[in-house]
Amino acid sequence: MKRVVITGAGTINALGLNVPDTMVAMQNGVCGIGPLEFRDVDRLSIQIGGQVKNFEAEARHNRQQMSLYDRFTQFTLAAAKQAIDQSGLTFSGELSAKAGVVLGTAGGGVSTWDDNYRAVYEEGKNRVHPFVVPKLMNNAAAAHVSMEHNLKGPSFTVSTACASSNHAMAQAFAMVRSGMAPVMVTGGSESMLCFGGVKAWEGLRVMSRDACRPFSANRNGMVQGEGAGVFVFEDYDHARARGADILCEVIGFAMTSDASDIVMPSKAGAARAMKGALQDAQINGDQVGYINAHGTGTAANDKTECAAVADVFGAHADRLMISSTKSMHGHLIGGTGAVELLACIMALRDGVIAPTIGYQEPDPECALDVVPNVARDAKVTVALSNAFAFGGMNAVIALRKI
């Protein structure tokens, strides 16, 4: 089995339009959640989100490209370019033939759906743009990344709600580890912050009107975000041979299904995923120093996740640092695990633990070290990234300092 490392990272999210700005914001506990700005927002009950501001798509793409790129694709292309540029790779010849891209998204082109439903049903138009289907399809971002960077190997999209990115990165990891591909571009993206996207989520009654406060006793729901996180996963020997700067090593993953309820999380399912990741990585629980929690800010998720951590890690759970960066950038749904992986890289590479901001009142059912409000300097050699999705789909990735 091959060792797998990360040699490039890119992001677009509410905290920053690149990785350095995002990490500085995480270190400073910046909140990227604020008033939403789009058509008909005044008709919504929920009017806040982790919206990407100052992203000028028209300056990045020509008119023909804009007709093909939904906002989630625009984010992905920008993040992928950052990651590949940082990696220093150029895809040609045999490398091009074998390298691929696996991305996660839950909604795909939600903004395109929203715009065209409005055009047909509200404005009474009888025709839509001929590229509506290729623009809104969930695999659009993966397709355009593969075309932009000459990636001719395995290329596809994973859609498992809030676990989409972690599932996608797990597949990329498995391909590189098995020797199927020397390099995979992977991560995820989402852009549901439009009228129809937010209105649909309002119906679930899980959204906060004012802030995301994971693990705090006075939390009152999740807050949506948008953006993308993209990484270059590479065979360790391949990376070393070309003198690449290695960000960290991916050492294990696990995926489980609760098989119990479409929306309520299961402690057993989450615990099996974390245990499985430890087993796959061939490490003990006491080697883990940090967990980037799924931590949505809903009572059901926060309590279930904390209980699962306590079950898996036993006495060591009290020595673990566990934080939710959703408190800063919002919940990117299918893209969330990818942006959150940046916090794990920051912990391993820079020794800085991102905080859980908005924490106000201790909750006895979440009695773990949630790194409240202020980032912390700490030496961490192993980190986990948790993602637990509607449908009972769980995906956990383990990473190690290198």
# chains A, B, ... in the order shown; residues from 1 in each chain; ligands from 1
>>> residues_around(residues="Arg272 (chain A)", least_positions_apart="4", cutoff="7 Å", atoms="only C-alpha atoms", output="list in words")
Thr256, Ala268 and Gly276 of chain A
>>> write_last_selection(atoms="C-alpha atoms", output="compact mmCIF listing (two decimals), in the first residue's frame")
# COMPACT_ATOMS: atom_id res chain seq x y z
CA THR A 256 -20.41 3.80 8.05
CA ALA A 268 -23.25 4.11 17.31
CA GLY A 276 -12.77 2.47 11.85
>>> residues_around(residues="region 301-317 of chain A", least_positions_apart="6", cutoff="6 Å", atoms="only C-alpha atoms", output="list in words")
Phe215, Lys267, Ala271, Gly285, Asp286, Gly295, Glu365 and Cys366 of chain A
>>> closest_atom_pairs(of="region 22-84 of chain A", to="region 372-394 of chain A", cutoff="12 Å", atoms="only C-alpha atoms", output="JSON lines")
{"residue": "A:Met23", "atom": "CA", "partner": "A:Ala375", "partner_atom": "CA", "distance": 11.0}
{"residue": "A:Val24", "atom": "CA", "partner": "A:Ala375", "partner_atom": "CA", "distance": 10.5}
{"residue": "A:Ala25", "atom": "CA", "partner": "A:Ala375", "partner_atom": "CA", "distance": 10.3}
{"residue": "A:Met26", "atom": "CA", "partner": "A:Ala375", "partner_atom": "CA", "distance": 7.6}
{"residue": "A:Gln27", "atom": "CA", "partner": "A:Ala375", "partner_atom": "CA", "distance": 5.5}
{"residue": "A:Asn28", "atom": "CA", "partner": "A:Ala375", "partner_atom": "CA", "distance": 6.8}
{"residue": "A:Gly29", "atom": "CA", "partner": "A:Val374", "partner_atom": "CA", "distance": 6.3}
{"residue": "A:Val30", "atom": "CA", "partner": "A:Asn373", "partner_atom": "CA", "distance": 9.7}
{"residue": "A:Cys31", "atom": "CA", "partner": "A:Asn373", "partner_atom": "CA", "distance": 10.5}
>>> closest_residue(among="A:Pro214, A:Gly107, A:Gly351, A:Gly187", to="Ser165 (chain A)", atoms="only C-alpha atoms")
A:Gly187
>>> closest_residue(among="A:Thr325, A:Ser92, A:Thr157, A:Ser191", to="Glu226 (chain A)", atoms="only C-alpha atoms")
A:Ser191
>>> select_by_dssp(residues="region 144-336 of chain A", states="strand (DSSP E)", output="PyMOL selection string")
chain A and resi 155-158+183-190+227-235+248-257+290-292+321-323
>>> write_last_selection(atoms="C-alpha atoms", output="PDB file, in the first residue's frame")
ATOM      1  CA  SER A 155     -13.138  11.516 -12.409  1.00  0.00           C
ATOM      2  CA  PHE A 156     -16.524  11.605 -10.691  1.00  0.00           C
ATOM      3  CA  THR A 157     -18.683  13.262  -8.049  1.00  0.00           C
ATOM      4  CA  VAL A 158     -19.903  11.924  -4.709  1.00  0.00           C
ATOM      5  CA  VAL A 183      -2.247  11.868  -7.900  1.00  0.00           C
ATOM      6  CA  MET A 184      -5.888  12.774  -7.273  1.00  0.00           C
ATOM      7  CA  VAL A 185      -7.449  16.205  -7.044  1.00  0.00           C
ATOM      8  CA  THR A 186     -10.189  16.039  -4.438  1.00  0.00           C
ATOM      9  CA  GLY A 187     -12.419  17.952  -2.032  1.00  0.00           C
ATOM     10  CA  GLY A 188     -15.839  19.489  -2.463  1.00  0.00           C
ATOM     11  CA  SER A 189     -17.970  22.555  -2.999  1.00  0.00           C
ATOM     12  CA  GLU A 190     -21.434  23.948  -2.438  1.00  0.00           C
ATOM     13  CA  GLY A 227     -17.584  27.766  -0.929  1.00  0.00           C
ATOM     14  CA  ALA A 228     -15.075  25.074  -1.845  1.00  0.00           C
ATOM     15  CA  GLY A 229     -12.020  23.259  -0.581  1.00  0.00           C
ATOM     16  CA  VAL A 230      -9.771  21.343  -2.976  1.00  0.00           C
ATOM     17  CA  PHE A 231      -6.587  19.347  -2.321  1.00  0.00           C
ATOM     18  CA  VAL A 232      -3.917  17.441  -4.179  1.00  0.00           C
ATOM     19  CA  PHE A 233      -3.534  13.912  -2.769  1.00  0.00           C
ATOM     20  CA  GLU A 234      -0.288  12.361  -3.950  1.00  0.00           C
ATOM     21  CA  ASP A 235       1.738   9.178  -3.622  1.00  0.00           C
ATOM     22  CA  CYS A 248       0.572  16.431   5.943  1.00  0.00           C
ATOM     23  CA  GLU A 249      -0.103  12.728   5.468  1.00  0.00           C
ATOM     24  CA  VAL A 250      -3.503  11.079   5.066  1.00  0.00           C
ATOM     25  CA  ILE A 251      -3.303   7.867   7.068  1.00  0.00           C
ATOM     26  CA  GLY A 252      -6.772   6.371   7.273  1.00  0.00           C
ATOM     27  CA  PHE A 253     -10.505   6.662   6.750  1.00  0.00           C
ATOM     28  CA  ALA A 254     -13.737   4.891   7.510  1.00  0.00           C
ATOM     29  CA  MET A 255     -17.311   5.115   6.285  1.00  0.00           C
ATOM     30  CA  THR A 256     -20.409   3.797   8.052  1.00  0.00           C
ATOM     31  CA  SER A 257     -24.167   3.974   7.733  1.00  0.00           C
ATOM     32  CA  TYR A 290      -7.409  17.179  17.674  1.00  0.00           C
ATOM     33  CA  ILE A 291     -10.775  16.437  16.105  1.00  0.00           C
ATOM     34  CA  ASN A 292     -12.459  18.820  13.724  1.00  0.00           C
ATOM     35  CA  MET A 321      -9.246  19.200  21.640  1.00  0.00           C
ATOM     36  CA  ILE A 322     -12.412  19.224  19.527  1.00  0.00           C
ATOM     37  CA  SER A 323     -13.708  22.277  17.693  1.00  0.00           C
TER      38      SER A 323
END
>>> select_by_dssp(residues="region 37-136 of chain A", states="alpha helix (DSSP H)", output="PyMOL selection string")
chain A and resi 57-60+63-66+71-87+93-98+110-117+132-136
>>> atom_distance(atom1="CA of Ser67 (chain A)", atom2="CA of Pro130 (chain A)")
9.3 Å
>>> closest_residue(among="A:Val198, A:Ala293, A:Ile333, A:Val101", to="Pro355 (chain A)", atoms="only C-alpha atoms")
A:Ala293
>>> residues_around(residues="region 45-48 of chain A", least_positions_apart="3", cutoff="9 Å", atoms="only C-alpha atoms", output="list in words")
Ile33, Gly34, Pro35, Leu36, Glu37, Val41, Asp42, Gln51, Val198, Lys199, Glu202, Met207, Ser208, Arg209, Asp210, Ala211, Val223 and Gln224 of chain A
>>> residues_around(residues="Ser178 (chain A)", least_positions_apart="3", cutoff="8 Å", atoms="only C-alpha atoms", output="JSON, numbers by chain")
{"A": [1, 2, 174, 175, 181]}
>>> atom_distance(atom1="CA of Ala170 (chain A)", atom2="CA of Val339 (chain A)")
14.8 Å
>>> closest_residue(among="A:Gly196, A:Gly225, A:Gly108, A:Pro20", to="Ile345 (chain A)", atoms="only C-alpha atoms")
A:Pro20
>>> atom_distance(atom1="CA of Asp70 (chain A)", atom2="CA of Val206 (chain A)")
26.3 Å
>>> closest_residue(among="A:Asp350, A:Asp237, A:Glu56, A:Glu340", to="Gly10 (chain A)", atoms="only C-alpha atoms")
A:Glu340
>>> closest_residue(among="A:Thr112, A:Asn126, A:Thr336, A:Ser260", to="Asn138 (chain A)", atoms="only C-alpha atoms")
A:Thr112
>>> residues_around(residues="Leu136 (chain A)", least_positions_apart="2", cutoff="10 Å", atoms="only C-alpha atoms", output="list of chain:residue names")
A:Leu68, A:Tyr69, A:Asp70, A:Arg71, A:Phe72, A:Thr73, A:Gly107, A:Gly108, A:Gly109, A:Val110, A:Ser111, A:Thr112, A:Trp113, A:Phe131, A:Val132, A:Val133, A:Pro134, A:Asn138, A:Asn139, A:Ala140, A:Ala141
